[in-house]
>>> print(open('run20.cif').read())   # mmCIF, C-alpha atoms
data_coords
loop_
_atom_site.label_atom_id
_atom_site.label_comp_id
_atom_site.auth_asym_id
_atom_site.auth_seq_id
_atom_site.Cartn_x
_atom_site.Cartn_y
_atom_site.Cartn_z
CA MET D 415 -46.30 -36.95 54.73
CA VAL D 416 -43.53 -39.22 55.99
CA GLY D 417 -42.76 -36.64 58.67
CA GLU D 418 -46.30 -36.86 59.99
CA GLN D 419 -46.23 -40.65 60.05
CA GLU D 420 -43.03 -40.62 62.03
CA GLN D 421 -44.42 -38.04 64.38
CA ARG D 422 -47.31 -40.36 65.19
CA VAL D 423 -44.93 -43.18 66.04
CA TRP D 424 -42.92 -40.88 68.32
CA GLN D 425 -46.17 -40.02 70.09
CA VAL D 426 -46.91 -43.71 70.65
CA LEU D 427 -43.39 -44.27 71.99
CA ALA D 428 -43.77 -41.30 74.34
CA THR D 429 -46.45 -43.32 76.17
CA VAL D 430 -44.09 -46.24 76.93
CA PRO D 431 -42.72 -45.87 80.47
CA ASP D 432 -39.32 -46.94 81.71
CA PRO D 433 -40.07 -49.91 84.01
CA GLU D 434 -37.70 -48.74 86.74
CA ILE D 435 -38.43 -45.00 86.65
CA PRO D 436 -42.00 -45.05 85.29
CA ILE D 437 -42.26 -41.26 85.40
CA LEU D 438 -39.94 -41.23 82.35
CA SER D 439 -40.90 -42.48 78.91
CA VAL D 440 -38.45 -44.25 76.66
CA VAL D 441 -38.38 -41.04 74.59
CA ASP D 442 -37.51 -38.93 77.67
CA LEU D 443 -34.65 -41.34 78.38
CA GLY D 444 -33.21 -40.79 74.92
CA ILE D 445 -33.03 -44.49 74.13
CA VAL D 446 -35.20 -44.33 70.99
CA ARG D 447 -32.54 -43.57 68.41
CA PHE D 448 -34.62 -43.42 65.24
CA VAL D 449 -38.02 -43.92 63.72
CA ARG D 450 -37.96 -44.37 59.97
CA TRP D 451 -39.71 -45.99 57.09
CA LYS D 452 -37.68 -48.14 54.76
CA GLU D 453 -39.46 -49.56 51.73
CA GLY D 454 -42.83 -49.27 53.41
CA ALA D 455 -41.72 -50.94 56.66
CA LEU D 456 -41.36 -49.18 60.00
CA HIS D 457 -37.97 -49.44 61.74
CA VAL D 458 -37.46 -48.30 65.32
CA GLY D 459 -33.95 -48.14 66.79
CA LEU D 460 -33.44 -48.71 70.51
CA THR D 461 -30.20 -48.48 72.46
CA PRO D 462 -29.55 -49.77 76.00
CA THR D 463 -28.70 -47.34 78.79
CA TYR D 464 -26.33 -49.76 80.54
CA SER D 465 -25.22 -52.92 78.76
CA GLY D 466 -26.39 -55.05 81.69
CA CYS D 467 -29.57 -53.15 82.53
CA PRO D 468 -32.25 -55.78 83.23
CA ALA D 469 -34.93 -53.29 82.11
CA THR D 470 -33.74 -53.48 78.50
CA ASP D 471 -35.71 -56.65 77.71
CA VAL D 472 -38.84 -55.31 79.41
CA ILE D 473 -38.55 -52.05 77.47
CA ARG D 474 -38.29 -53.94 74.22
CA ARG D 475 -41.45 -55.89 75.01
CA SER D 476 -43.34 -52.74 76.08
CA VAL D 477 -42.34 -50.92 72.90
CA ARG D 478 -43.47 -53.90 70.86
CA GLU D 479 -46.85 -53.99 72.65
CA ALA D 480 -47.42 -50.24 72.30
CA LEU D 481 -46.64 -50.37 68.57
CA ASP D 482 -48.90 -53.41 68.19
CA GLU D 483 -51.77 -51.65 69.92
CA ALA D 484 -51.30 -48.63 67.71
CA GLY D 485 -51.54 -50.89 64.67
CA TYR D 486 -47.86 -51.06 63.72
CA HIS D 487 -47.76 -54.86 63.75
CA GLU D 488 -44.92 -55.13 61.25
CA ALA D 489 -42.54 -52.73 62.98
CA ALA D 490 -38.94 -53.94 63.12
CA LEU D 491 -37.12 -53.18 66.37
CA GLU D 492 -33.41 -52.72 65.86
CA GLU D 493 -30.83 -52.62 68.60
CA THR D 494 -28.16 -49.99 68.06
CA LEU D 495 -25.02 -49.54 70.18
CA THR D 496 -23.27 -46.75 68.32
CA PRO D 497 -23.01 -44.04 69.43
CA PRO D 498 -23.35 -45.30 73.00
CA TRP D 499 -26.14 -43.84 75.13
CA THR D 500 -25.11 -41.12 77.54
CA SER D 501 -27.05 -39.45 80.33
CA GLU D 502 -26.75 -36.22 78.29
CA TRP D 503 -29.49 -37.60 76.06
CA LEU D 504 -32.08 -37.19 78.77
CA SER D 505 -34.50 -34.53 77.57
CA PRO D 506 -34.99 -31.25 79.53
CA GLU D 507 -38.46 -32.63 80.21
CA ALA D 508 -36.83 -35.72 81.76
CA HIS D 509 -34.76 -33.53 84.10
CA ARG D 510 -37.90 -31.77 85.29
CA LYS D 511 -39.81 -35.04 85.77
CA LEU D 512 -36.95 -36.67 87.67
CA ARG D 513 -36.71 -33.76 90.08
CA GLU D 514 -40.45 -33.88 90.73
CA TYR D 515 -40.19 -37.63 91.30
CA GLY D 516 -37.48 -37.11 93.94
CA ILE D 517 -34.46 -38.14 91.87
CA ALA D 518 -31.67 -35.62 91.27
CA PRO D 519 -31.10 -35.44 87.49
CA PRO D 520 -27.62 -36.04 86.07
CA ALA D 521 -25.27 -33.16 86.81
CA PRO D 522 -21.49 -33.43 86.72
CA ARG D 523 -21.08 -30.98 89.61
CA ALA D 524 -23.29 -29.35 92.21
CA ILE D 525 -25.86 -32.08 92.67
CA SER D 526 -28.81 -30.43 94.35
CA CYS D 527 -31.34 -32.01 96.69
CA PRO D 528 -34.56 -32.75 94.80
CA ARG D 529 -36.56 -31.98 97.96
CA CYS D 530 -35.16 -28.71 99.33
CA GLY D 531 -32.91 -27.61 96.45
CA SER D 532 -29.79 -27.30 98.63
CA HIS D 533 -26.43 -27.80 96.92
CA SER D 534 -24.95 -29.07 100.16
CA THR D 535 -25.13 -32.80 99.39
CA SER D 536 -22.82 -35.75 99.85
CA ARG D 537 -22.47 -39.09 98.15
CA LEU D 538 -23.35 -42.18 100.18
CA SER D 539 -22.71 -44.73 97.45
CA GLU D 540 -21.56 -44.71 93.82
CA PHE D 541 -24.24 -47.28 93.15
CA GLY D 542 -27.93 -47.44 93.95
CA SER D 543 -31.04 -49.54 93.49
CA THR D 544 -30.68 -49.66 89.69
CA PRO D 545 -27.66 -49.42 87.36
CA CYS D 546 -28.49 -45.80 86.49
CA LYS D 547 -28.57 -44.41 90.03
CA ALA D 548 -26.18 -43.42 92.81
CA HIS D 549 -27.15 -42.69 96.39
CA TYR D 550 -26.82 -39.24 97.99
CA ARG D 551 -27.81 -37.39 101.13
CA CYS D 552 -28.80 -33.75 101.60
CA GLU D 553 -26.78 -32.04 104.35
CA GLU D 554 -29.50 -29.38 104.82
CA CYS D 555 -32.73 -31.36 105.12
CA LEU D 556 -30.84 -34.61 105.87
CA GLU D 557 -33.01 -36.64 103.48
CA PRO D 558 -31.33 -39.37 101.41
CA PHE D 559 -32.09 -39.32 97.69
CA ASP D 560 -31.22 -41.00 94.41
CA HIS D 561 -29.09 -39.30 91.79
CA PHE D 562 -29.31 -40.29 88.14
CA LYS D 563 -25.67 -41.10 87.35
CA CYS D 564 -23.69 -39.28 84.70
CA ILE D 565 -22.14 -41.50 82.08
CA MET O 1416 -7.61 -61.11 59.42
CA SER O 1417 -9.33 -64.49 59.72
CA ALA O 1418 -12.64 -65.41 61.32
CA PRO O 1419 -11.05 -67.99 63.68
CA ASP O 1420 -8.67 -65.31 65.01
CA LEU O 1421 -11.50 -62.84 65.53
CA LEU O 1422 -13.61 -65.49 67.24
CA ARG O 1423 -10.83 -66.36 69.67
CA TYR O 1424 -10.18 -62.72 70.45
CA VAL O 1425 -13.83 -61.83 71.06
CA LEU O 1426 -14.22 -64.92 73.26
CA ARG O 1427 -11.24 -63.83 75.37
CA LEU O 1428 -12.80 -60.45 76.02
CA GLY O 1429 -16.28 -61.86 76.60
CA ASP O 1430 -15.12 -64.69 78.86
CA THR O 1431 -13.05 -62.31 80.99
CA SER O 1432 -16.11 -60.11 81.56
CA LEU O 1433 -18.39 -63.08 82.21
CA ILE O 1434 -16.09 -64.84 84.68
CA LEU O 1435 -15.28 -61.64 86.56
CA GLY O 1436 -18.98 -60.73 86.64
CA GLN O 1437 -19.89 -64.16 88.03
CA ARG O 1438 -17.19 -63.87 90.70
CA LEU O 1439 -18.55 -60.48 91.78
CA GLY O 1440 -22.03 -61.94 91.88
CA GLU O 1441 -20.83 -64.26 94.67
CA TRP O 1442 -20.64 -61.18 96.89
CA VAL O 1443 -24.34 -60.38 96.69
CA GLY O 1444 -25.68 -60.57 100.22
CA HIS O 1445 -22.18 -60.99 101.70
CA ALA O 1446 -20.40 -57.65 101.21
CA PRO O 1447 -19.13 -55.76 104.28
CA ALA O 1448 -21.74 -52.98 103.90
CA LEU O 1449 -24.97 -52.49 101.97
CA GLU O 1450 -23.40 -49.84 99.72
CA GLU O 1451 -20.59 -52.18 98.71
CA ASP O 1452 -23.04 -55.01 98.19
CA LEU O 1453 -24.91 -52.78 95.71
CA GLY O 1454 -21.65 -51.61 94.18
CA LEU O 1455 -20.27 -55.08 93.50
CA GLY O 1456 -23.67 -56.29 92.27
CA ASN O 1457 -23.89 -53.38 89.86
CA LEU O 1458 -20.37 -54.01 88.56
CA ALA O 1459 -21.33 -57.64 88.03
CA LEU O 1460 -24.40 -56.59 86.08
CA ASP O 1461 -22.41 -54.31 83.77
CA LEU O 1462 -19.79 -57.00 83.19
CA ILE O 1463 -22.37 -59.66 82.40
CA GLY O 1464 -24.09 -57.19 80.07
CA GLN O 1465 -20.79 -56.63 78.28
CA ALA O 1466 -20.24 -60.38 78.17
CA ARG O 1467 -23.63 -60.81 76.48
CA LEU O 1468 -22.73 -58.32 73.76
CA LEU O 1469 -19.36 -59.97 73.18
CA LEU O 1470 -20.52 -63.59 73.38
CA SER O 1471 -23.48 -62.94 71.04
CA TYR O 1472 -20.99 -61.54 68.56
CA ALA O 1473 -18.70 -64.54 69.08
CA ALA O 1474 -21.63 -66.88 68.47
CA GLU O 1475 -22.41 -65.12 65.20
CA ILE O 1476 -18.79 -65.30 64.04
CA GLU O 1477 -18.70 -68.98 64.96
CA GLY O 1478 -21.87 -69.61 62.97
CA ARG O 1479 -22.58 -73.04 64.48
CA GLY O 1480 -26.01 -72.22 65.83
CA ARG O 1481 -24.85 -71.61 69.39
CA ASP O 1482 -25.98 -68.46 71.18
CA GLU O 1483 -24.53 -66.48 74.09
CA ASP O 1484 -26.22 -68.76 76.64
CA ALA O 1485 -24.82 -71.91 75.06
CA LEU O 1486 -21.36 -70.36 75.16
CA ALA O 1487 -21.73 -69.31 78.80
CA PHE O 1488 -23.42 -72.39 80.21
CA LEU O 1489 -22.43 -75.32 78.05
CA ARG O 1490 -18.68 -75.01 77.60
CA ASP O 1491 -16.16 -76.71 79.88
CA ALA O 1492 -13.21 -74.99 81.53
CA PRO O 1493 -10.60 -75.68 78.81
CA GLU O 1494 -12.90 -73.99 76.28
CA PHE O 1495 -13.00 -70.79 78.32
CA SER O 1496 -10.40 -68.21 77.39
CA ASN O 1497 -10.72 -65.60 80.14
CA LEU O 1498 -7.67 -64.05 81.75
CA THR O 1499 -6.52 -66.27 84.60
CA LEU O 1500 -6.69 -63.29 86.94
CA ALA O 1501 -10.47 -62.98 86.48
CA GLU O 1502 -11.19 -66.46 87.88
CA GLN O 1503 -9.15 -66.06 91.07
CA PRO O 1504 -11.32 -66.51 94.18
CA ASN O 1505 -12.84 -63.46 95.89
CA GLY O 1506 -10.91 -63.84 99.14
CA ASP O 1507 -11.63 -60.94 101.47
CA PHE O 1508 -13.12 -57.66 100.26
CA GLY O 1509 -9.62 -56.22 99.72
CA ARG O 1510 -8.60 -59.16 97.51
CA THR O 1511 -11.71 -58.66 95.38
CA ILE O 1512 -10.93 -54.94 95.07
CA VAL O 1513 -7.33 -55.59 93.99
CA ARG O 1514 -8.43 -58.10 91.34
CA GLN O 1515 -11.12 -55.68 90.13
CA TRP O 1516 -8.78 -52.71 90.03
CA LEU O 1517 -6.11 -54.57 88.03
CA ILE O 1518 -8.66 -55.73 85.45
CA ASP O 1519 -10.51 -52.39 85.35
CA ALA O 1520 -7.22 -50.66 84.55
CA TRP O 1521 -6.57 -53.24 81.80
CA GLN O 1522 -10.07 -52.94 80.33
CA LEU O 1523 -9.75 -49.14 80.34
CA GLU O 1524 -6.76 -49.35 77.99
CA VAL O 1525 -8.13 -52.15 75.84
CA TYR O 1526 -11.59 -50.62 75.33
CA GLU O 1527 -10.18 -47.14 74.78
CA ALA O 1528 -7.96 -48.48 71.99
CA LEU O 1529 -10.61 -50.83 70.59
CA GLN O 1530 -12.87 -47.87 69.81
CA ALA O 1531 -10.61 -47.35 66.79
CA SER O 1532 -10.86 -50.99 65.68
CA THR O 1533 -11.44 -51.63 61.99
CA ASP O 1534 -14.14 -54.05 63.18
CA THR O 1535 -17.02 -51.61 63.70
CA ARG O 1536 -19.10 -54.03 65.79
CA LEU O 1537 -16.23 -54.48 68.22
CA ALA O 1538 -15.57 -50.73 68.24
CA GLY O 1539 -19.22 -50.09 69.17
CA ILE O 1540 -19.17 -52.60 72.03
CA ALA O 1541 -15.89 -51.11 73.29
CA ALA O 1542 -17.29 -47.57 73.31
CA LYS O 1543 -20.27 -48.74 75.35
CA ALA O 1544 -18.16 -50.80 77.76
CA LEU O 1545 -15.63 -48.00 78.21
CA GLN O 1546 -18.20 -45.65 79.77
CA GLU O 1547 -19.07 -48.29 82.33
CA THR O 1548 -15.46 -49.29 82.94
CA ARG O 1549 -14.52 -45.70 83.84
CA TYR O 1550 -17.11 -45.81 86.57
CA HIS O 1551 -15.83 -49.20 87.74
CA TYR O 1552 -12.27 -47.92 87.91
CA ARG O 1553 -13.34 -45.00 90.05
CA PHE O 1554 -14.94 -47.43 92.51
CA SER O 1555 -12.10 -49.95 92.62
CA SER O 1556 -9.23 -47.44 92.69
CA GLY O 1557 -11.06 -45.42 95.35
CA TRP O 1558 -11.28 -48.49 97.57
CA LEU O 1559 -7.69 -49.48 96.84
CA VAL O 1560 -6.50 -46.13 98.18
CA ARG O 1561 -8.82 -46.22 101.19
CA LEU O 1562 -7.71 -49.71 102.17
CA GLY O 1563 -4.02 -49.23 101.34
CA ASP O 1564 -3.81 -45.90 103.10
CA GLY O 1565 -6.16 -47.07 105.84
CA THR O 1566 -5.34 -49.00 108.99
CA GLN O 1567 -2.32 -51.18 109.53
CA GLU O 1568 -4.60 -54.20 109.18
CA SER O 1569 -6.21 -53.10 105.88
CA HIS O 1570 -2.85 -52.00 104.47
CA GLY O 1571 -1.25 -55.35 105.27
CA ARG O 1572 -4.09 -57.38 103.84
CA VAL O 1573 -4.28 -55.42 100.59
CA GLN O 1574 -0.51 -55.57 100.13
CA GLU O 1575 -0.72 -59.32 100.59
CA SER O 1576 -3.42 -59.50 97.90
CA ILE O 1577 -1.35 -57.45 95.49
CA ASP O 1578 1.60 -59.75 96.03
CA ALA O 1579 -0.60 -62.80 95.52
CA LEU O 1580 -2.35 -61.57 92.36
CA TRP O 1581 0.56 -59.79 90.71
CA PRO O 1582 1.95 -62.91 88.98
CA PHE O 1583 -1.29 -63.12 86.98
CA THR O 1584 -0.80 -59.66 85.47
CA HIS O 1585 1.91 -60.87 83.11
CA GLU O 1586 -0.76 -62.48 80.96
CA LEU O 1587 -2.56 -59.16 80.48
CA PHE O 1588 0.01 -57.90 77.99
CA ALA O 1589 1.65 -61.11 76.74
CA ALA O 1590 0.43 -61.04 73.13
CA ASP O 1591 0.24 -64.30 71.21
CA ASP O 1592 0.00 -64.89 67.45
CA VAL O 1593 -3.75 -64.31 67.40
CA GLU O 1594 -3.41 -60.90 69.03
CA GLU O 1595 -0.43 -59.97 66.87
CA ARG O 1596 -2.19 -60.86 63.63
CA LEU O 1597 -5.31 -58.95 64.69
CA ALA O 1598 -3.20 -55.95 65.71
CA ALA O 1599 -1.53 -55.97 62.29
CA ALA O 1600 -4.99 -55.91 60.71
CA GLY O 1601 -6.07 -52.98 62.90
CA VAL O 1602 -8.74 -55.07 64.64
CA ALA O 1603 -7.11 -55.36 68.08
CA PRO O 1604 -4.75 -52.98 69.87
CA ARG O 1605 -1.05 -53.71 70.19
CA LEU O 1606 -0.67 -54.88 73.76
CA ASP O 1607 2.96 -53.74 73.98
CA LEU O 1608 1.75 -50.19 73.36
CA LEU O 1609 -0.91 -50.41 76.06
CA GLU O 1610 1.31 -51.83 78.77
CA PRO O 1611 3.22 -48.61 79.63
CA ARG O 1612 -0.06 -46.72 80.07
CA TRP O 1613 -1.52 -49.46 82.29
CA SER O 1614 1.72 -49.67 84.21
CA ALA O 1615 1.84 -45.91 84.87
CA ARG O 1616 -1.79 -45.82 86.00
CA VAL O 1617 -1.27 -48.77 88.31
CA SER O 1618 1.92 -47.31 89.79
CA ASP O 1619 0.24 -43.96 90.46
CA ALA O 1620 -2.64 -45.61 92.30
CA LEU O 1621 -0.28 -47.84 94.31
CA HIS O 1622 1.74 -44.79 95.29
CA GLU O 1623 -1.37 -42.94 96.44
CA ALA O 1624 -2.43 -46.03 98.37
CA THR O 1625 1.03 -46.25 100.04
CA LEU O 1626 1.39 -49.77 98.64
CA THR O 1627 4.44 -51.41 97.12
CA ARG O 1628 4.55 -52.61 93.55
CA PRO O 1629 5.90 -56.16 93.33
CA SER O 1630 8.78 -56.85 90.97
CA LYS O 1631 8.15 -58.06 87.44
CA VAL O 1632 7.10 -61.67 87.03
CA HIS O 1633 7.96 -63.52 83.88
CA PHE O 1634 5.82 -66.59 84.23
CA PRO O 1635 2.82 -66.20 81.95
CA TRP O 1636 -0.43 -67.89 82.91
CA HIS O 1637 -2.43 -69.19 80.00
CA GLY O 1638 -6.10 -68.59 80.73
CA LYS O 1639 -6.60 -67.09 77.31
CA HIS O 1640 -5.40 -70.36 75.81
CA GLY O 1641 -7.75 -72.41 77.94
CA VAL O 1642 -5.20 -73.43 80.56
CA HIS O 1643 -6.73 -72.43 83.88
CA THR O 1644 -6.12 -72.62 87.59
CA GLU O 1645 -8.22 -75.17 89.47
CA HIS O 1646 -10.59 -72.42 90.59
CA LEU O 1647 -12.40 -72.06 87.27
CA GLY O 1648 -13.84 -75.58 87.24
CA HIS O 1649 -15.36 -75.17 90.70
CA MET O 1650 -16.85 -71.88 89.70
CA LEU O 1651 -18.36 -73.23 86.49
CA GLY O 1652 -19.82 -76.13 88.49
CA GLU O 1653 -21.95 -73.60 90.33
CA MET O 1654 -22.58 -71.23 87.43
CA GLN O 1655 -23.64 -73.93 84.99
CA HIS O 1656 -25.43 -76.30 87.35
CA LEU O 1657 -28.96 -75.20 86.53
CA GLN O 1658 -28.61 -75.24 82.75
CA ARG O 1659 -26.78 -78.55 82.82
CA THR O 1660 -29.39 -80.15 85.05
CA TYR O 1661 -32.45 -78.63 83.39
CA PRO O 1662 -31.33 -77.88 79.82
CA GLY O 1663 -33.05 -74.85 78.35
CA ALA O 1664 -34.67 -73.84 81.65
CA GLN O 1665 -36.05 -70.29 81.63
CA TRP O 1666 -37.69 -68.12 84.25
#
>>> encode(input="run20.cif", output="structure tokens")
Amino acid sequence: MVGEQEQRVWQVLATVPDPEIPILSVVDLGIVRFVRWKEGALHVGLTPTYSGCPATDVIRRSVREALDEAGYHEAALEETLTPPWTSEWLSPEAHRKLREYGIAPPAPRAISCPRCGSHSTSRLSEFGSTPCKAHYRCEECLEPFDHFKCI
Amino acid sequence: MSAPDLLRYVLRLGDTSLILGQRLGEWVGHAPALEEDLGLGNLALDLIGQARLLLSYAAEIEGRGRDEDALAFLRDAPEFSNLTLAEQPNGDFGRTIVRQWLIDAWQLEVYEALQASTDTRLAGIAAKALQETRYHYRFSSGWLVRLGDGTQESHGRVQESIDALWPFTHELFAADDVEERLAAAGVAPRLDLLEPRWSARVSDALHEATLTRPSKVHFPWHGKHGVHTEHLGHMLGEMQHLQRTYPGAQW
């Protein structure tokens, strides 16, 4: 029974997009740490990707709105820091979506071009347009692309 | 372990991140290349994020109804307890890199050790900050080597910055009573144990960068006790202007 209830909440959360990479949901990102009922009240745990990520506040508001719309008006959002988020928490689904979106998913070695698939790529900048991305270029098709950083 | 000790310690860490982050923010729109502009801006963002976590915690320990914003925007220079090194002006790009690299190397050791703190909140913040700091160190040490082992001009300018900033490094490991009491309680790391690791890391990078390590300086600056160089006041004048002029302004 409780399992089903939680499942429904996870489904609601899976509709909340990341404001900076809207192709990913907060569930894909791995930042929803838990959904649980405690003494009849719903508790949802969120963790930031980067401690200074400006999207964190927006995500919190979007999660609140989605839960409100789904009727979970009393849900308590809890911020958790431990264990710290890592890019390894991105779901396999997230890797696929990122690639389709034109962003190379996190990979410690052999970063491949999301457009042509070549492994011949070089880093242009350790940092990109958002805290979670670095900037790369493909040496085959010569297109620049974003890489979701590994931390 | 007493609450006043813990408060002072958390403020030191938080203020160092905040002040360094604000300094880096001054580069936005002025860095030598777009990539470095993004890089320094991103570092600033991480540092200010870490400062928020630390200053919120400090505000809770203090328990006087202040929040992280009140601590950042409504304290005067003598109430700030950042490392003196963090407030030093940006100078040229090389000077900023040297300052960043010295503090990144320090934060690497401190956060690594703090993960084992008996204060679980602090340990959690440290674990989060450590991931980001590793990335910062890669950026700053990479540039140190490129500039040091670069042209005669870049080598000379970076060496000059190392010589100018080196005196401020003494404070990094000069433990006072607060830090010693917290170390005895397992809350904070023992700075004398961290120094050799920092020192070895710094020497290795200097060697790779073909730069010379200055000799030891024994004069300790006292930023963590609220005694600052004249640069901090000017910086706070800019950083706090809006909140002081329009209290509580939000956008």
>>> residues_near_point(input="run20.cif", point="(-38.8, -43.6, 75.0)", cutoff="12 Å", atoms="only C-alpha atoms", output="PyMOL selection string")
chain D and resi 423-433+435-449+458-463+470+473-474+476-477+480+503-505+508
>>> resolve_selection(input="run20.cif", expression="the PyMOL selection byres ((chain D) within 10 of (chain O))", output="short mmCIF file (atom, residue, chain, number, x, y, z; two decimals) with C-alpha atoms, in the coordinates of the input")
data_model
loop_
_atom_site.label_atom_id
_atom_site.label_comp_id
_atom_site.auth_asym_id
_atom_site.auth_seq_id
_atom_site.Cartn_x
_atom_site.Cartn_y
_atom_site.Cartn_z
CA PRO D 462 -29.55 -49.77 76.00
CA THR D 463 -28.70 -47.34 78.79
CA TYR D 464 -26.33 -49.76 80.54
CA SER D 465 -25.22 -52.92 78.76
CA GLY D 466 -26.39 -55.05 81.69
CA CYS D 467 -29.57 -53.15 82.53
CA PRO D 468 -32.25 -55.78 83.23
CA THR D 494 -28.16 -49.99 68.06
CA LEU D 495 -25.02 -49.54 70.18
CA THR D 496 -23.27 -46.75 68.32
CA PRO D 497 -23.01 -44.04 69.43
CA PRO D 498 -23.35 -45.30 73.00
CA TRP D 499 -26.14 -43.84 75.13
CA THR D 500 -25.11 -41.12 77.54
CA LEU D 538 -23.35 -42.18 100.18
CA SER D 539 -22.71 -44.73 97.45
CA GLU D 540 -21.56 -44.71 93.82
CA PHE D 541 -24.24 -47.28 93.15
CA GLY D 542 -27.93 -47.44 93.95
CA SER D 543 -31.04 -49.54 93.49
CA THR D 544 -30.68 -49.66 89.69
CA PRO D 545 -27.66 -49.42 87.36
CA CYS D 546 -28.49 -45.80 86.49
CA ALA D 548 -26.18 -43.42 92.81
CA HIS D 549 -27.15 -42.69 96.39
CA LYS D 563 -25.67 -41.10 87.35
CA CYS D 564 -23.69 -39.28 84.70
CA ILE D 565 -22.14 -41.50 82.08
#
>>> residues_near_point(input="run20.cif", point="(-47.4, -45.8, 56.6)", cutoff="8 Å", atoms="only C-alpha atoms", output="JSON, numbers by chain")
{"D": [416, 419, 451, 454, 455, 456]}
>>> resolve_selection(input="run20.cif", expression="the PyMOL selection byres ((chain O and resi 1515) around 10)", output="JSON, numbers by chain")
{"O": [1435, 1436, 1439, 1455, 1458, 1500, 1501, 1505, 1509, 1510, 1511, 1512, 1513, 1514, 1516, 1517, 1518, 1519, 1520, 1521, 1551, 1552, 1554, 1555, 1556, 1559]}
>>> residues_around(input="run20.cif", residues="Leu1469 of chain O", least_positions_apart="6", cutoff="10 Å", atoms="all atoms listed in the file", output="list in words")
Leu1422, Tyr1424, Val1425, Leu1426, Arg1427, Leu1428, Gly1429, Asp1430, Ser1432, Leu1433, Ile1463, Glu1475, Glu1483, Arg1536, Leu1537, Ile1540 and Ala1541 of chain O
>>> atom_distance(input="run20.cif", atom1="atom CA of Leu1647 of chain O", atom2="atom CA of Asn1497 of chain O")
9.8 Å
>>> atom_distance(input="run20.cif", atom1="atom CA of His1649 of chain O", atom2="atom CA of Gly1440 of chain O")
14.9 Å
>>> closest_residue(input="run20.cif", among="O:Val1525, O:Leu1421, O:Val1617, O:Ala1487", to="Phe1588 of chain O", atoms="only C-alpha atoms")
O:Val1525
>>> resolve_selection(input="run20.cif", expression="the PyMOL selection byres ((chain D and resi 524) around 9)", output="VMD selection string")
chain D and resid 521 to 523 525 to 526 533 to 535
>>> atom_distance(input="run20.cif", atom1="atom CA of Ala1579 of chain O", atom2="atom CA of Asp1591 of chain O")
24.4 Å
>>> closest_residue(input="run20.cif", among="O:Ser1417, O:Ser1471, O:Thr1548, O:Thr1627", to="Asp1564 of chain O", atoms="only C-alpha atoms")
O:Thr1627
>>> residues_around(input="run20.cif", residues="segment 1598-1603 of chain O", least_positions_apart="6", cutoff="7 Å", atoms="all atoms listed in the file", output="list in words")
Met1416, Leu1529, Ser1532, Thr1533 and Asp1534 of chain O
>>> closest_residue(input="run20.cif", among="O:His1445, O:Phe1488, O:Gln1437, O:His1585", to="Pro1662 of chain O", atoms="all atoms listed in the file")
O:Phe1488
>>> decode(input="run20.cif", residues="segment 1506-1540 of chain O", atoms="C-alpha atoms", output="CSV table (one decimal), in the first residue's frame")
chain,number,residue,atom,x,y,z
O,1506,GLY,CA,45.7,42.0,-9.7
O,1507,ASP,CA,46.4,40.5,-13.1
O,1508,PHE,CA,45.0,37.1,-14.1
O,1509,GLY,CA,48.2,35.4,-12.8
O,1510,ARG,CA,47.8,37.0,-9.4
O,1511,THR,CA,44.2,35.8,-9.2
O,1512,ILE,CA,45.3,32.3,-10.2
O,1513,VAL,CA,48.1,32.2,-7.5
O,1514,ARG,CA,45.7,33.3,-4.8
O,1515,GLN,CA,43.1,30.7,-6.0
O,1516,TRP,CA,45.6,27.9,-6.2
O,1517,LEU,CA,47.0,28.6,-2.7
O,1518,ILE,CA,43.5,28.6,-1.2
O,1519,ASP,CA,42.3,25.6,-3.3
O,1520,ALA,CA,45.2,23.6,-2.0
O,1521,TRP,CA,44.4,24.6,1.6
O,1522,GLN,CA,40.7,23.9,1.2
O,1523,LEU,CA,41.5,20.5,-0.3
O,1524,GLU,CA,43.3,19.4,2.9
O,1525,VAL,CA,40.8,21.1,5.3
O,1526,TYR,CA,37.7,19.6,3.6
O,1527,GLU,CA,39.2,16.2,3.1
O,1528,ALA,CA,39.9,16.1,6.9
O,1529,LEU,CA,36.7,17.7,7.9
O,1530,GLN,CA,34.7,14.8,6.3
O,1531,ALA,CA,35.7,12.9,9.5
O,1532,SER,CA,34.5,15.6,11.8
O,1533,THR,CA,32.4,14.6,14.8
O,1534,ASP,CA,30.1,17.4,13.8
O,1535,THR,CA,28.0,15.6,11.1
O,1536,ARG,CA,26.6,18.8,9.6
O,1537,LEU,CA,30.1,20.2,9.0
O,1538,ALA,CA,31.2,16.8,7.7
O,1539,GLY,CA,28.4,16.8,5.2
O,1540,ILE,CA,29.2,20.3,4.0
